[in-house]
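Encoded as structure tokens, the structure appears first; notes follow it.
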Amino acid sequence: MNRLEALGVVDDVWGDAPLVVTCGATAREMASLNRRDSHLYLLDSMGAAAAVGLGLALAGRRGVGAIEGDGSLLMGFSVLPTIRHLAPDGYTLIVFDNREHASAGGFPTQSATVDLAAAIAGVGLDVTQVDDAEALHDSLVAARARESGPTAVVATIAPGNSPGIAWLLEDPVLIADRFTRKLEGEA
Ligand SMILES: Cc1ncc(C[n+]2csc(CCOP(=O)(O)OP(=O)(O)O)c2C)c(N)n1
């Protein structure tokens, strides 16, 4: 499963529910698949998606998802005990683990030696590790159906980026504005 395939599964399952998307090629590939107002693309804000999603869930939103890459999660790793400690309902952290910074030259990340799912479980969060599209789909459906507590899904994906994906050059202020209006419309 490559990143584009994995994002297609997330897009199918998550639909118009709020989804915070990490920066780099992950944001670009998601925008190339389906541009939704419910997607908050963080563009250059590496390591922040899980925390932004946590904030939305703490503000009372349900069915919030956040996608991090392994490099992004490792950059903002302290968010994990914070999610566990605050434990908002209806929040799902989705981690795409390709063991590298694919968006930035393919340099390896610590996930080559650090088991991210084990680390997430180690702070006391419920986590599922998946390696293919079907298991990713099923685990996301289960996560969305959960009414209590946060959950995490770590998906192993192939290294690299999909070719021919357009840059995402929109002003982040406009992206955030559209996302906010979408949430307010549903409040
Ligand atoms: C603070 C900061 N450092 C570096 C970057 C440059 N950068 C953007 S994406 C990226 C790699 C992200 O790696 P990962 O989260 O593993 O996702 P992948 O691209 O592998 O899917 C880097 C280093 C950035 N945007 N912000």
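Labels for the structure tokens follow display order: chains A, B, ..., residues from 1 in each chain, ligands from 1.
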Enumerate as a tab-separated table (two decimals) with N, CA and C atoms, in the first residue's frame the residues within 10 Å of ligand 1, counting only C-alpha atoms and all ligand atoms.
```tsv
chain	number	residue	atom	x	y	z
A	2	ASN	N	0.69	2.09	-1.01
A	2	ASN	CA	1.45	3.34	-0.97
A	2	ASN	C	0.62	4.44	-0.30
A	3	ARG	N	1.20	5.62	-0.16
A	3	ARG	CA	0.52	6.68	0.60
A	3	ARG	C	-0.79	7.09	-0.07
A	22	THR	N	-1.30	16.12	7.85
A	22	THR	CA	0.07	16.62	8.01
A	22	THR	C	0.62	17.19	6.70
A	23	CYS	N	1.78	17.81	6.82
A	23	CYS	CA	2.33	18.62	5.72
A	23	CYS	C	3.00	17.76	4.65
A	24	GLY	N	3.59	18.45	3.68
A	24	GLY	CA	4.40	17.79	2.66
A	24	GLY	C	3.55	17.03	1.66
A	25	ALA	N	4.11	15.94	1.17
A	25	ALA	CA	3.44	15.17	0.12
A	25	ALA	C	2.12	14.58	0.59
A	26	THR	N	1.98	14.33	1.89
A	26	THR	CA	0.72	13.78	2.40
A	26	THR	C	-0.43	14.75	2.12
A	27	ALA	N	-0.23	16.03	2.41
A	27	ALA	CA	-1.27	17.04	2.15
A	27	ALA	C	-1.53	17.15	0.65
A	29	GLU	N	-0.99	14.94	-1.76
A	29	GLU	CA	-1.63	13.75	-2.32
A	29	GLU	C	-3.11	13.69	-1.91
A	42	LEU	N	-2.14	21.06	6.81
A	42	LEU	CA	-1.27	21.91	7.61
A	42	LEU	C	-0.06	22.43	6.84
A	43	LEU	N	0.09	22.04	5.60
A	43	LEU	CA	1.20	22.51	4.76
A	43	LEU	C	2.53	22.39	5.50
A	44	ASP	N	3.18	23.48	5.88
A	44	ASP	CA	4.53	23.34	6.43
A	44	ASP	C	4.61	23.04	7.93
A	45	SER	N	3.47	22.93	8.59
A	45	SER	CA	3.50	22.79	10.05
A	45	SER	C	3.72	21.34	10.47
A	46	MET	N	4.95	20.89	10.30
A	46	MET	CA	5.30	19.50	10.60
A	46	MET	C	5.18	19.23	12.11
A	47	GLY	N	4.63	18.08	12.46
A	47	GLY	CA	4.57	17.68	13.86
A	47	GLY	C	3.40	18.28	14.63
A	48	ALA	N	2.47	18.94	13.92
A	48	ALA	CA	1.39	19.63	14.63
A	48	ALA	C	0.01	19.01	14.43
A	67	ILE	N	-4.01	12.90	10.57
A	67	ILE	CA	-3.01	12.05	9.93
A	67	ILE	C	-1.63	12.63	10.18
A	68	GLU	N	-0.74	11.81	10.72
A	68	GLU	CA	0.67	12.16	10.86
A	68	GLU	C	1.51	11.17	10.06
A	69	GLY	N	2.65	11.63	9.55
A	69	GLY	CA	3.66	10.70	9.06
A	69	GLY	C	4.49	10.24	10.25
A	70	ASP	N	5.33	9.23	10.04
A	70	ASP	CA	6.18	8.79	11.16
A	70	ASP	C	7.14	9.90	11.58
A	71	GLY	N	7.72	10.60	10.60
A	71	GLY	CA	8.64	11.69	10.94
A	71	GLY	C	7.93	12.81	11.67
A	72	SER	N	6.71	13.11	11.24
A	72	SER	CA	5.94	14.18	11.89
A	72	SER	C	5.58	13.79	13.31
A	73	LEU	N	5.12	12.55	13.49
A	73	LEU	CA	4.77	12.12	14.85
A	73	LEU	C	5.99	12.14	15.75
A	74	LEU	N	7.12	11.66	15.22
A	74	LEU	CA	8.33	11.65	16.04
A	74	LEU	C	8.76	13.06	16.41
A	75	MET	N	8.47	14.02	15.53
A	75	MET	CA	8.82	15.42	15.84
A	75	MET	C	7.98	15.96	16.99
A	76	GLY	N	6.71	15.54	17.04
A	76	GLY	CA	5.82	16.06	18.08
A	76	GLY	C	5.39	14.97	19.05
A	95	VAL	N	-1.50	7.20	11.75
A	95	VAL	CA	-0.07	7.39	11.47
A	95	VAL	C	0.30	6.58	10.22
A	96	PHE	N	0.87	7.26	9.24
A	96	PHE	CA	1.39	6.58	8.05
A	96	PHE	C	2.89	6.40	8.25
A	97	ASP	N	3.29	5.15	8.40
A	97	ASP	CA	4.69	4.86	8.73
A	97	ASP	C	5.41	4.29	7.51
A	98	ASN	N	6.22	5.12	6.87
A	98	ASN	CA	7.04	4.64	5.75
A	98	ASN	C	8.52	4.61	6.12
A	99	ARG	N	8.78	4.85	7.40
A	99	ARG	CA	10.14	4.78	7.96
A	99	ARG	C	11.11	5.78	7.34
A	100	GLU	N	10.56	6.82	6.75
A	100	GLU	CA	11.44	7.84	6.16
A	100	GLU	C	10.70	9.17	6.08
A	101	HIS	N	11.50	10.23	5.81
A	101	HIS	CA	10.92	11.54	5.50
A	101	HIS	C	10.76	11.61	3.99
A	102	ALA	N	9.74	10.94	3.47
A	102	ALA	CA	9.61	10.85	2.01
A	102	ALA	C	9.46	12.22	1.38
A	103	SER	N	8.81	13.13	2.08
A	103	SER	CA	8.57	14.47	1.52
A	103	SER	C	9.83	15.30	1.48
A	104	ALA	N	10.85	14.86	2.13
A	104	ALA	CA	12.06	15.68	2.26
A	104	ALA	C	13.30	14.83	2.00
A	105	GLY	N	13.37	14.24	0.83
A	105	GLY	CA	14.59	13.55	0.42
A	105	GLY	C	14.70	12.10	0.83
A	106	GLY	N	13.69	11.58	1.53
A	106	GLY	CA	13.71	10.16	1.88
A	106	GLY	C	14.70	9.79	2.98
A	107	PHE	N	15.11	10.76	3.78
A	107	PHE	CA	16.01	10.43	4.89
A	107	PHE	C	15.29	9.53	5.90
A	108	PRO	N	15.97	8.50	6.41
A	108	PRO	CA	15.31	7.57	7.33
A	108	PRO	C	14.91	8.25	8.64
A	109	THR	N	13.82	7.78	9.22
A	109	THR	CA	13.41	8.27	10.55
A	109	THR	C	13.75	7.20	11.58
A	110	GLN	N	13.56	7.57	12.84
A	110	GLN	CA	13.84	6.62	13.92
A	110	GLN	C	12.88	5.43	13.89
A	111	SER	N	11.82	5.51	13.10
A	111	SER	CA	10.89	4.37	13.12
A	111	SER	C	11.50	3.14	12.46
A	157	ILE	N	3.17	1.93	5.30
A	157	ILE	CA	3.00	2.24	3.88
A	157	ILE	C	4.36	2.14	3.19
A	158	ALA	N	4.30	2.04	1.85
A	158	ALA	CA	5.55	1.95	1.08
A	158	ALA	C	6.29	3.28	1.13
A	159	PRO	N	7.61	3.24	1.02
A	159	PRO	CA	8.35	4.50	0.96
A	159	PRO	C	8.07	5.25	-0.34
A	160	GLY	N	8.44	6.53	-0.35
A	160	GLY	CA	8.35	7.32	-1.58
A	160	GLY	C	7.05	8.11	-1.69
A	161	ASN	N	7.01	8.94	-2.72
A	161	ASN	CA	5.85	9.78	-3.01
A	161	ASN	C	5.29	9.39	-4.38
```
Determine, for each residue of range 47-132 of chain A having at least one atom at most 12 Å from an atom of range 9-18 of chain A, the closest pair of atoms and their separation in Å to one decimal, counting only C-alpha atoms; order by chain and ascending number, as a Markdown table.
```
| residue | atom | partner | partner_atom | distance |
| --- | --- | --- | --- | --- |
| A:Ala49 | CA | A:Pro18 | CA | 11.9 |
| A:Val52 | CA | A:Pro18 | CA | 11.0 |
| A:Gly53 | CA | A:Pro18 | CA | 8.5 |
| A:Leu54 | CA | A:Pro18 | CA | 11.5 |
| A:Gly55 | CA | A:Pro18 | CA | 12.0 |
| A:Leu56 | CA | A:Pro18 | CA | 8.8 |
| A:Ala57 | CA | A:Pro18 | CA | 9.8 |
| A:Arg61 | CA | A:Pro18 | CA | 8.4 |
| A:Arg62 | CA | A:Ala17 | CA | 8.5 |
| A:Gly63 | CA | A:Ala17 | CA | 6.2 |
| A:Val64 | CA | A:Pro18 | CA | 5.1 |
| A:Gly65 | CA | A:Pro18 | CA | 6.3 |
| A:Ala66 | CA | A:Pro18 | CA | 8.4 |
| A:Ile67 | CA | A:Val10 | CA | 9.2 |
| A:Gly90 | CA | A:Pro18 | CA | 11.1 |
| A:Tyr91 | CA | A:Pro18 | CA | 10.1 |
| A:Thr92 | CA | A:Trp14 | CA | 10.5 |
| A:Leu93 | CA | A:Val10 | CA | 11.5 |
| A:Ile94 | CA | A:Val10 | CA | 8.9 |
| A:Val95 | CA | A:Val10 | CA | 11.1 |
| A:Phe96 | CA | A:Val10 | CA | 10.9 |
| A:Asp132 | CA | A:Val9 | CA | 10.3 |
```
- Task: Any chance you could list, as a VMD selection string, the residues in chain A that come up helix (DSSP H, G or I) when DSSP is run on the backbone?
- Result: chain A and resid 3 to 14 25 to 33 49 to 58 70 to 75 79 to 86 102 to 104 110 to 112 116 to 122 133 to 145 172 to 186
Go ahead and write the selection's residues with C-alpha atoms as a PDB file, in the first residue's frame.
```pdb
ATOM      1  CA  ARG A   3       0.518   6.676   0.597  1.00  0.00           C
ATOM      2  CA  LEU A   4      -1.971   7.600  -2.130  1.00  0.00           C
ATOM      3  CA  GLU A   5      -3.825   4.290  -1.691  1.00  0.00           C
ATOM      4  CA  ALA A   6      -3.847   4.700   2.078  1.00  0.00           C
ATOM      5  CA  LEU A   7      -5.165   8.257   1.752  1.00  0.00           C
ATOM      6  CA  GLY A   8      -7.931   6.999  -0.544  1.00  0.00           C
ATOM      7  CA  VAL A   9      -9.036   4.612   2.191  1.00  0.00           C
ATOM      8  CA  VAL A  10      -9.009   7.384   4.804  1.00  0.00           C
ATOM      9  CA  ASP A  11     -10.958   9.687   2.487  1.00  0.00           C
ATOM     10  CA  ASP A  12     -13.586   6.987   1.862  1.00  0.00           C
ATOM     11  CA  VAL A  13     -14.082   6.204   5.538  1.00  0.00           C
ATOM     12  CA  TRP A  14     -13.769   9.731   6.926  1.00  0.00           C
ATOM     13  CA  ALA A  25       3.444  15.175   0.118  1.00  0.00           C
ATOM     14  CA  THR A  26       0.716  13.775   2.395  1.00  0.00           C
ATOM     15  CA  ALA A  27      -1.266  17.038   2.149  1.00  0.00           C
ATOM     16  CA  ARG A  28      -0.629  17.340  -1.592  1.00  0.00           C
ATOM     17  CA  GLU A  29      -1.634  13.752  -2.322  1.00  0.00           C
ATOM     18  CA  MET A  30      -4.809  14.050  -0.232  1.00  0.00           C
ATOM     19  CA  ALA A  31      -5.765  17.306  -1.979  1.00  0.00           C
ATOM     20  CA  SER A  32      -5.165  15.627  -5.345  1.00  0.00           C
ATOM     21  CA  LEU A  33      -7.567  12.820  -4.439  1.00  0.00           C
ATOM     22  CA  ALA A  49      -1.457  17.601  13.115  1.00  0.00           C
ATOM     23  CA  ALA A  50      -2.023  15.332  16.128  1.00  0.00           C
ATOM     24  CA  ALA A  51      -2.081  18.312  18.489  1.00  0.00           C
ATOM     25  CA  VAL A  52      -4.475  20.306  16.295  1.00  0.00           C
ATOM     26  CA  GLY A  53      -6.782  17.298  16.058  1.00  0.00           C
ATOM     27  CA  LEU A  54      -6.569  16.877  19.823  1.00  0.00           C
ATOM     28  CA  GLY A  55      -7.602  20.502  20.275  1.00  0.00           C
ATOM     29  CA  LEU A  56     -10.635  20.028  18.066  1.00  0.00           C
ATOM     30  CA  ALA A  57     -11.671  16.938  20.000  1.00  0.00           C
ATOM     31  CA  LEU A  58     -11.184  18.732  23.316  1.00  0.00           C
ATOM     32  CA  ASP A  70       6.181   8.785  11.161  1.00  0.00           C
ATOM     33  CA  GLY A  71       8.640  11.693  10.938  1.00  0.00           C
ATOM     34  CA  SER A  72       5.944  14.184  11.885  1.00  0.00           C
ATOM     35  CA  LEU A  73       4.765  12.117  14.847  1.00  0.00           C
ATOM     36  CA  LEU A  74       8.333  11.649  16.045  1.00  0.00           C
ATOM     37  CA  MET A  75       8.824  15.415  15.841  1.00  0.00           C
ATOM     38  CA  VAL A  79       1.485  14.742  22.041  1.00  0.00           C
ATOM     39  CA  LEU A  80       1.016  11.026  22.750  1.00  0.00           C
ATOM     40  CA  PRO A  81       0.950  11.183  26.571  1.00  0.00           C
ATOM     41  CA  THR A  82      -1.132  14.348  26.243  1.00  0.00           C
ATOM     42  CA  ILE A  83      -3.743  12.507  24.175  1.00  0.00           C
ATOM     43  CA  ARG A  84      -3.694   9.652  26.675  1.00  0.00           C
ATOM     44  CA  HIS A  85      -3.982  11.972  29.648  1.00  0.00           C
ATOM     45  CA  LEU A  86      -6.789  14.148  28.292  1.00  0.00           C
ATOM     46  CA  ALA A 102       9.611  10.849   2.009  1.00  0.00           C
ATOM     47  CA  SER A 103       8.565  14.467   1.519  1.00  0.00           C
ATOM     48  CA  ALA A 104      12.059  15.680   2.257  1.00  0.00           C
ATOM     49  CA  GLN A 110      13.844   6.616  13.922  1.00  0.00           C
ATOM     50  CA  SER A 111      10.889   4.374  13.116  1.00  0.00           C
ATOM     51  CA  ALA A 112      13.390   2.125  11.366  1.00  0.00           C
ATOM     52  CA  LEU A 116       5.619   3.342  16.816  1.00  0.00           C
ATOM     53  CA  ALA A 117       2.572   1.190  17.550  1.00  0.00           C
ATOM     54  CA  ALA A 118       4.329  -0.248  20.618  1.00  0.00           C
ATOM     55  CA  ALA A 119       5.259   3.256  21.772  1.00  0.00           C
ATOM     56  CA  ILE A 120       1.655   4.434  21.347  1.00  0.00           C
ATOM     57  CA  ALA A 121       0.428   1.383  23.266  1.00  0.00           C
ATOM     58  CA  GLY A 122       3.104   2.111  25.855  1.00  0.00           C
ATOM     59  CA  ALA A 133      -5.722  -1.367   2.611  1.00  0.00           C
ATOM     60  CA  GLU A 134      -8.434  -3.747   3.804  1.00  0.00           C
ATOM     61  CA  ALA A 135      -7.165  -3.803   7.372  1.00  0.00           C
ATOM     62  CA  LEU A 136      -6.761  -0.026   7.297  1.00  0.00           C
ATOM     63  CA  HIS A 137     -10.353   0.360   6.134  1.00  0.00           C
ATOM     64  CA  ASP A 138     -11.701  -1.956   8.831  1.00  0.00           C
ATOM     65  CA  SER A 139      -9.693  -0.353  11.620  1.00  0.00           C
ATOM     66  CA  LEU A 140     -10.803   3.149  10.583  1.00  0.00           C
ATOM     67  CA  VAL A 141     -14.451   2.089  10.427  1.00  0.00           C
ATOM     68  CA  ALA A 142     -14.079   0.653  13.940  1.00  0.00           C
ATOM     69  CA  ALA A 143     -12.329   3.811  15.171  1.00  0.00           C
ATOM     70  CA  ARG A 144     -15.081   6.039  13.782  1.00  0.00           C
ATOM     71  CA  ALA A 145     -17.763   3.916  15.413  1.00  0.00           C
ATOM     72  CA  PRO A 172      -3.038  28.434   4.684  1.00  0.00           C
ATOM     73  CA  VAL A 173      -5.244  31.233   6.048  1.00  0.00           C
ATOM     74  CA  LEU A 174      -7.831  30.446   3.360  1.00  0.00           C
ATOM     75  CA  ILE A 175      -7.578  26.710   4.021  1.00  0.00           C
ATOM     76  CA  ALA A 176      -8.167  27.314   7.732  1.00  0.00           C
ATOM     77  CA  ASP A 177     -11.035  29.704   6.990  1.00  0.00           C
ATOM     78  CA  ARG A 178     -12.827  27.162   4.805  1.00  0.00           C
ATOM     79  CA  PHE A 179     -12.316  24.450   7.417  1.00  0.00           C
ATOM     80  CA  THR A 180     -13.636  26.715  10.192  1.00  0.00           C
ATOM     81  CA  ARG A 181     -16.725  27.675   8.181  1.00  0.00           C
ATOM     82  CA  LYS A 182     -17.397  24.012   7.478  1.00  0.00           C
ATOM     83  CA  LEU A 183     -17.240  23.209  11.206  1.00  0.00           C
ATOM     84  CA  GLU A 184     -19.356  26.228  12.147  1.00  0.00           C
ATOM     85  CA  GLY A 185     -21.952  25.218   9.585  1.00  0.00           C
ATOM     86  CA  GLU A 186     -22.275  21.901  11.348  1.00  0.00           C
TER      87      GLU A 186
END
```
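Atom to atom, CA of Leu40 in chain A and CA of Ala59 in chain A stand 15.9 Å apart.
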- Using only C-alpha atoms: which of A:Val127, A:Glu170, A:Val20, A:Ala87 has the shortest distance to Val153 in chain A: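 For Val153 in chain A, the nearest of the candidates is A:Val127.
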- Item | Point-to-point distance in Å for CA of Thr156 in chain A and CA of Pro88 in chain A |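 CA of Pro88 in chain A sits 25.2 Å away from CA of Thr156 in chain A.
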- Item | Computed interatomic separation between CA of Ile165 in chain A and CA of Leu19 in chain A (Å) | 20.1 Å
- Task: Identify all residues of chain A in strand (DSSP E) (DSSP on the backbone) and supply them as an MDAnalysis selection string.
- Result: chainID A and resid 19:21 39:41 64:69 91:97 100:101 107:108 126:130 151:156
